[in-house]
Amino acid sequence: MKKIILLLVVFLSFSCQQKKEHETITIKKKYSVVLPSKFEKVNNLNEEASLQYQYLPEEFYVIVIDEPKTAFEAAMKSNGSGLNGNLEDYYNIVKTNFEGFLENLKIYDEKRTTINGNKAVVFSVSGELQGMGIFYRYALIQGKSDFFQVMVWTEKARETKLKPNMDSIIQSFRTL
């Protein structure tokens with residue numbers, strides 16, 4: 001009996017010391033996303049992002065940009081683009097922005113889907129930025145009053161290895 005109790009104490013002690021592998025990050029009571037615990041919070045990836053995390057050993061980055069739908073709709077009306085400010089229009093604007101800064105741009109693996117009850121477009125982008133190959137896994141998500149851009153990226157050479165983790169991060173996104 002003493003051996004069983006000793007084993008139980010050792011087991012409980014060990015399991016309490018294990019570090020969590022993932023952490024749920026909540027931003028402005030608007031949304032949450034689950035990230036690997038090894039990521040660290042930073043503030044130098046994108047000045048418009050409300051969430052910015054990185055894991056430097058793998059050159060692995062994630063940001064979220066949230067934008068009120070009303071602001072996007074007003075911008076579409078004011079520039080006379082003829083766009084009505086829906087998710088598909090938002091996607092087309094984001095794609096156009098990539099053309100402005102990536103060389104050898106390739107957009108692929110596009111999928112219209114739902115992420116935790118919200119309409120979304122998920123896609124991959126690869127290209128070169130200042131001569132370096134880069135890979136993005138991107139999601140545009142339509143919430144009740146906001147659009148969200150979930151951008152996860154790494155070096156192009158790490159695409160195959162990190163894409164499942166990127167998809168996991170994107171699929172964990174929840175509006176609150």
# chains A, B, ... in the order shown; residues from 1 in each chain; ligands from 1
call {"tool": "residues_around", "arguments": {"residues": "Thr114 of chain A", "least_positions_apart": "3", "cutoff": "12 Å", "atoms": "only C-alpha atoms", "output": "mmCIF file with C-alpha atoms, in the first residue's frame"}}
result
data_model
loop_
_atom_site.group_PDB
_atom_site.id
_atom_site.type_symbol
_atom_site.label_atom_id
_atom_site.label_comp_id
_atom_site.auth_asym_id
_atom_site.auth_seq_id
_atom_site.Cartn_x
_atom_site.Cartn_y
_atom_site.Cartn_z
ATOM 1 C CA LYS A 111 -10.817 27.974 -49.054
ATOM 2 C CA GLY A 117 -19.263 30.041 -36.415
ATOM 3 C CA ASN A 118 -17.811 32.917 -38.446
ATOM 4 C CA LYS A 119 -17.508 33.133 -42.219
ATOM 5 C CA ALA A 120 -13.865 33.016 -43.293
ATOM 6 C CA VAL A 121 -11.482 32.829 -46.221
ATOM 7 C CA VAL A 122 -8.263 30.903 -45.538
ATOM 8 C CA ALA A 139 -7.345 33.897 -42.590
ATOM 9 C CA LEU A 140 -9.863 36.669 -43.043
ATOM 10 C CA ILE A 141 -12.726 36.230 -40.612
ATOM 11 C CA GLN A 142 -16.012 38.120 -40.539
ATOM 12 C CA GLY A 143 -17.297 38.735 -37.032
ATOM 13 C CA ILE A 170 -6.117 29.876 -37.295
ATOM 14 C CA GLN A 171 -8.789 27.301 -36.403
ATOM 15 C CA SER A 172 -8.525 28.237 -32.713
ATOM 16 C CA PHE A 173 -9.647 31.828 -33.421
ATOM 17 C CA ARG A 174 -12.903 32.756 -31.649
#
call {"tool": "select_by_dssp", "arguments": {"residues": "segment 21-80 of chain A", "states": "alpha helix (DSSP H)", "output": "PyMOL selection string"}}
result
chain A and resi 69-78
call {"tool": "atom_distance", "arguments": {"atom1": "atom CA of Ser145 of chain A", "atom2": "atom CA of Glu73 of chain A"}}
result
11.3 Å
call {"tool": "closest_residue", "arguments": {"among": "A:Glu128, A:Asp66, A:Glu40, A:Glu21", "to": "Asp146 of chain A", "atoms": "only C-alpha atoms"}}
result
A:Asp66
call {"tool": "residues_around", "arguments": {"residues": "Gln52 of chain A", "least_positions_apart": "4", "cutoff": "10 Å", "atoms": "only C-alpha atoms", "output": "list in words"}}
result
Phe39, Glu40, Lys41, Val42, Asn43, Asn44, Leu45, Asn46, Glu47, Glu48, Tyr61, Val62, Ile63, Val64, Ile65 and Met151 of chain A
call {"tool": "select_by_dssp", "arguments": {"residues": "segment 34-136 of chain A", "states": "strand (DSSP E)", "output": "ChimeraX atom specification"}}
result
/A:34-36,40-41,51-55,60-68,103-115,118-129,132-136
call {"tool": "write_last_selection", "arguments": {"atoms": "N, CA and C atoms", "output": "compact mmCIF listing (two decimals), in the first residue's frame"}}
result
# COMPACT_ATOMS: atom_id res chain seq x y z
N VAL A 34 -5.58 30.46 -29.61
CA VAL A 34 -4.73 29.56 -28.83
C VAL A 34 -3.37 29.48 -29.52
N LEU A 35 -2.33 29.78 -28.75
CA LEU A 35 -0.95 29.76 -29.26
C LEU A 35 -0.10 28.79 -28.45
N PRO A 36 0.93 28.25 -29.09
CA PRO A 36 1.89 27.45 -28.32
C PRO A 36 2.52 28.31 -27.22
N GLU A 40 6.41 34.18 -27.65
CA GLU A 40 6.53 35.33 -26.75
C GLU A 40 5.83 36.53 -27.36
N LYS A 41 5.23 37.32 -26.48
CA LYS A 41 4.53 38.53 -26.90
C LYS A 41 5.56 39.58 -27.31
N LEU A 51 -2.70 41.80 -31.69
CA LEU A 51 -2.00 40.65 -31.13
C LEU A 51 -0.73 40.44 -31.96
N GLN A 52 0.40 40.27 -31.27
CA GLN A 52 1.69 40.05 -31.94
C GLN A 52 2.52 39.08 -31.09
N TYR A 53 2.83 37.91 -31.66
CA TYR A 53 3.63 36.91 -30.97
C TYR A 53 4.63 36.31 -31.94
N GLN A 54 5.72 35.79 -31.39
CA GLN A 54 6.75 35.17 -32.22
C GLN A 54 7.43 34.04 -31.47
N TYR A 55 8.04 33.16 -32.27
CA TYR A 55 8.92 32.12 -31.74
C TYR A 55 10.16 32.15 -32.63
N PHE A 60 8.91 31.96 -36.59
CA PHE A 60 7.48 31.69 -36.65
C PHE A 60 6.76 32.87 -35.98
N TYR A 61 5.86 33.52 -36.72
CA TYR A 61 5.22 34.75 -36.26
C TYR A 61 3.71 34.68 -36.44
N VAL A 62 2.99 35.38 -35.59
CA VAL A 62 1.54 35.48 -35.73
C VAL A 62 1.08 36.87 -35.28
N ILE A 63 0.19 37.44 -36.07
CA ILE A 63 -0.45 38.70 -35.69
C ILE A 63 -1.94 38.59 -36.01
N VAL A 64 -2.72 39.43 -35.33
CA VAL A 64 -4.14 39.59 -35.65
C VAL A 64 -4.40 41.08 -35.75
N ILE A 65 -5.08 41.45 -36.83
CA ILE A 65 -5.52 42.83 -37.04
C ILE A 65 -7.04 42.80 -37.02
N ASP A 66 -7.64 43.63 -36.19
CA ASP A 66 -9.10 43.72 -36.19
C ASP A 66 -9.50 45.10 -36.70
N GLU A 67 -10.54 45.12 -37.51
CA GLU A 67 -10.98 46.36 -38.15
C GLU A 67 -12.51 46.39 -38.15
N PRO A 68 -13.11 47.48 -37.66
CA PRO A 68 -14.57 47.57 -37.69
C PRO A 68 -15.11 47.47 -39.12
N GLU A 103 7.61 39.87 -54.14
CA GLU A 103 8.01 39.48 -55.49
C GLU A 103 7.72 38.00 -55.67
N ASN A 104 7.53 37.57 -56.91
CA ASN A 104 7.21 36.17 -57.22
C ASN A 104 6.03 35.67 -56.39
N LEU A 105 5.03 36.52 -56.28
CA LEU A 105 3.84 36.25 -55.47
C LEU A 105 3.06 35.05 -55.99
N LYS A 106 2.66 34.19 -55.07
CA LYS A 106 1.80 33.05 -55.41
C LYS A 106 0.75 32.95 -54.30
N ILE A 107 -0.54 33.00 -54.69
CA ILE A 107 -1.65 32.83 -53.75
C ILE A 107 -2.32 31.51 -54.12
N TYR A 108 -2.47 30.63 -53.14
CA TYR A 108 -2.98 29.29 -53.41
C TYR A 108 -3.67 28.71 -52.18
N ASP A 109 -4.24 27.54 -52.37
CA ASP A 109 -4.88 26.82 -51.27
C ASP A 109 -6.01 27.66 -50.65
N GLU A 110 -6.76 28.37 -51.50
CA GLU A 110 -7.85 29.22 -51.04
C GLU A 110 -9.06 28.36 -50.64
N LYS A 111 -9.67 28.74 -49.54
CA LYS A 111 -10.82 27.97 -49.05
C LYS A 111 -11.80 28.91 -48.35
N ARG A 112 -13.05 28.87 -48.80
CA ARG A 112 -14.12 29.57 -48.09
C ARG A 112 -14.64 28.58 -47.06
N THR A 113 -14.74 29.02 -45.82
CA THR A 113 -15.06 28.10 -44.74
C THR A 113 -15.74 28.84 -43.60
N THR A 114 -15.89 28.17 -42.49
CA THR A 114 -16.39 28.77 -41.26
C THR A 114 -15.39 28.43 -40.16
N ILE A 115 -15.07 29.42 -39.35
CA ILE A 115 -14.18 29.21 -38.22
C ILE A 115 -14.94 29.57 -36.96
N ASN A 118 -17.98 31.70 -37.66
CA ASN A 118 -17.81 32.92 -38.45
C ASN A 118 -17.36 32.59 -39.87
N LYS A 119 -17.93 33.30 -40.84
CA LYS A 119 -17.51 33.13 -42.22
C LYS A 119 -16.04 33.52 -42.34
N ALA A 120 -15.30 32.76 -43.17
CA ALA A 120 -13.87 33.02 -43.29
C ALA A 120 -13.36 32.62 -44.68
N VAL A 121 -12.26 33.23 -45.06
CA VAL A 121 -11.48 32.83 -46.22
C VAL A 121 -10.08 32.53 -45.70
N VAL A 122 -9.60 31.31 -45.97
CA VAL A 122 -8.26 30.90 -45.54
C VAL A 122 -7.46 30.63 -46.79
N PHE A 123 -6.21 31.09 -46.83
CA PHE A 123 -5.38 30.91 -48.02
C PHE A 123 -3.90 30.96 -47.66
N SER A 124 -3.09 30.52 -48.61
CA SER A 124 -1.64 30.56 -48.45
C SER A 124 -1.06 31.58 -49.43
N VAL A 125 0.04 32.18 -49.02
CA VAL A 125 0.75 33.15 -49.85
C VAL A 125 2.24 32.84 -49.72
N SER A 126 2.92 32.81 -50.86
CA SER A 126 4.37 32.70 -50.81
C SER A 126 4.96 33.71 -51.78
N GLY A 127 6.19 34.05 -51.53
CA GLY A 127 6.89 35.01 -52.38
C GLY A 127 8.23 35.34 -51.77
N GLU A 128 8.80 36.41 -52.28
CA GLU A 128 10.10 36.86 -51.77
C GLU A 128 9.98 38.28 -51.25
N LEU A 129 10.60 38.49 -50.10
CA LEU A 129 10.64 39.79 -49.48
C LEU A 129 12.11 40.11 -49.23
N MET A 132 14.36 37.11 -49.67
CA MET A 132 14.18 35.95 -48.80
C MET A 132 12.82 35.32 -49.07
N GLY A 133 12.78 33.99 -49.21
CA GLY A 133 11.52 33.27 -49.39
C GLY A 133 10.69 33.31 -48.12
N ILE A 134 9.40 33.60 -48.28
CA ILE A 134 8.52 33.73 -47.13
C ILE A 134 7.20 33.02 -47.42
N PHE A 135 6.60 32.45 -46.38
CA PHE A 135 5.33 31.75 -46.50
C PHE A 135 4.37 32.28 -45.46
N TYR A 136 3.16 32.63 -45.91
CA TYR A 136 2.09 33.10 -45.03
C TYR A 136 0.92 32.12 -45.10
call {"tool": "closest_residue", "arguments": {"among": "A:Leu102, A:Thr24, A:Lys29, A:Lys144", "to": "Asn86 of chain A", "atoms": "only C-alpha atoms"}}
result
A:Lys144
call {"tool": "closest_residue", "arguments": {"among": "A:Gln149, A:Gln130, A:Thr154, A:Thr175", "to": "Ala49 of chain A", "atoms": "only C-alpha atoms"}}
result
A:Gln149
call {"tool": "atom_distance", "arguments": {"atom1": "atom CA of Ile25 of chain A", "atom2": "atom CA of Glu59 of chain A"}}
result
20.1 Å
call {"tool": "atom_distance", "arguments": {"atom1": "atom CA of Tyr91 of chain A", "atom2": "atom CA of Met76 of chain A"}}
result
13.0 Å
call {"tool": "residues_around", "arguments": {"residues": "Met166 of chain A", "least_positions_apart": "6", "cutoff": "8 Å", "atoms": "only C-alpha atoms", "output": "count of residues only"}}
result
3
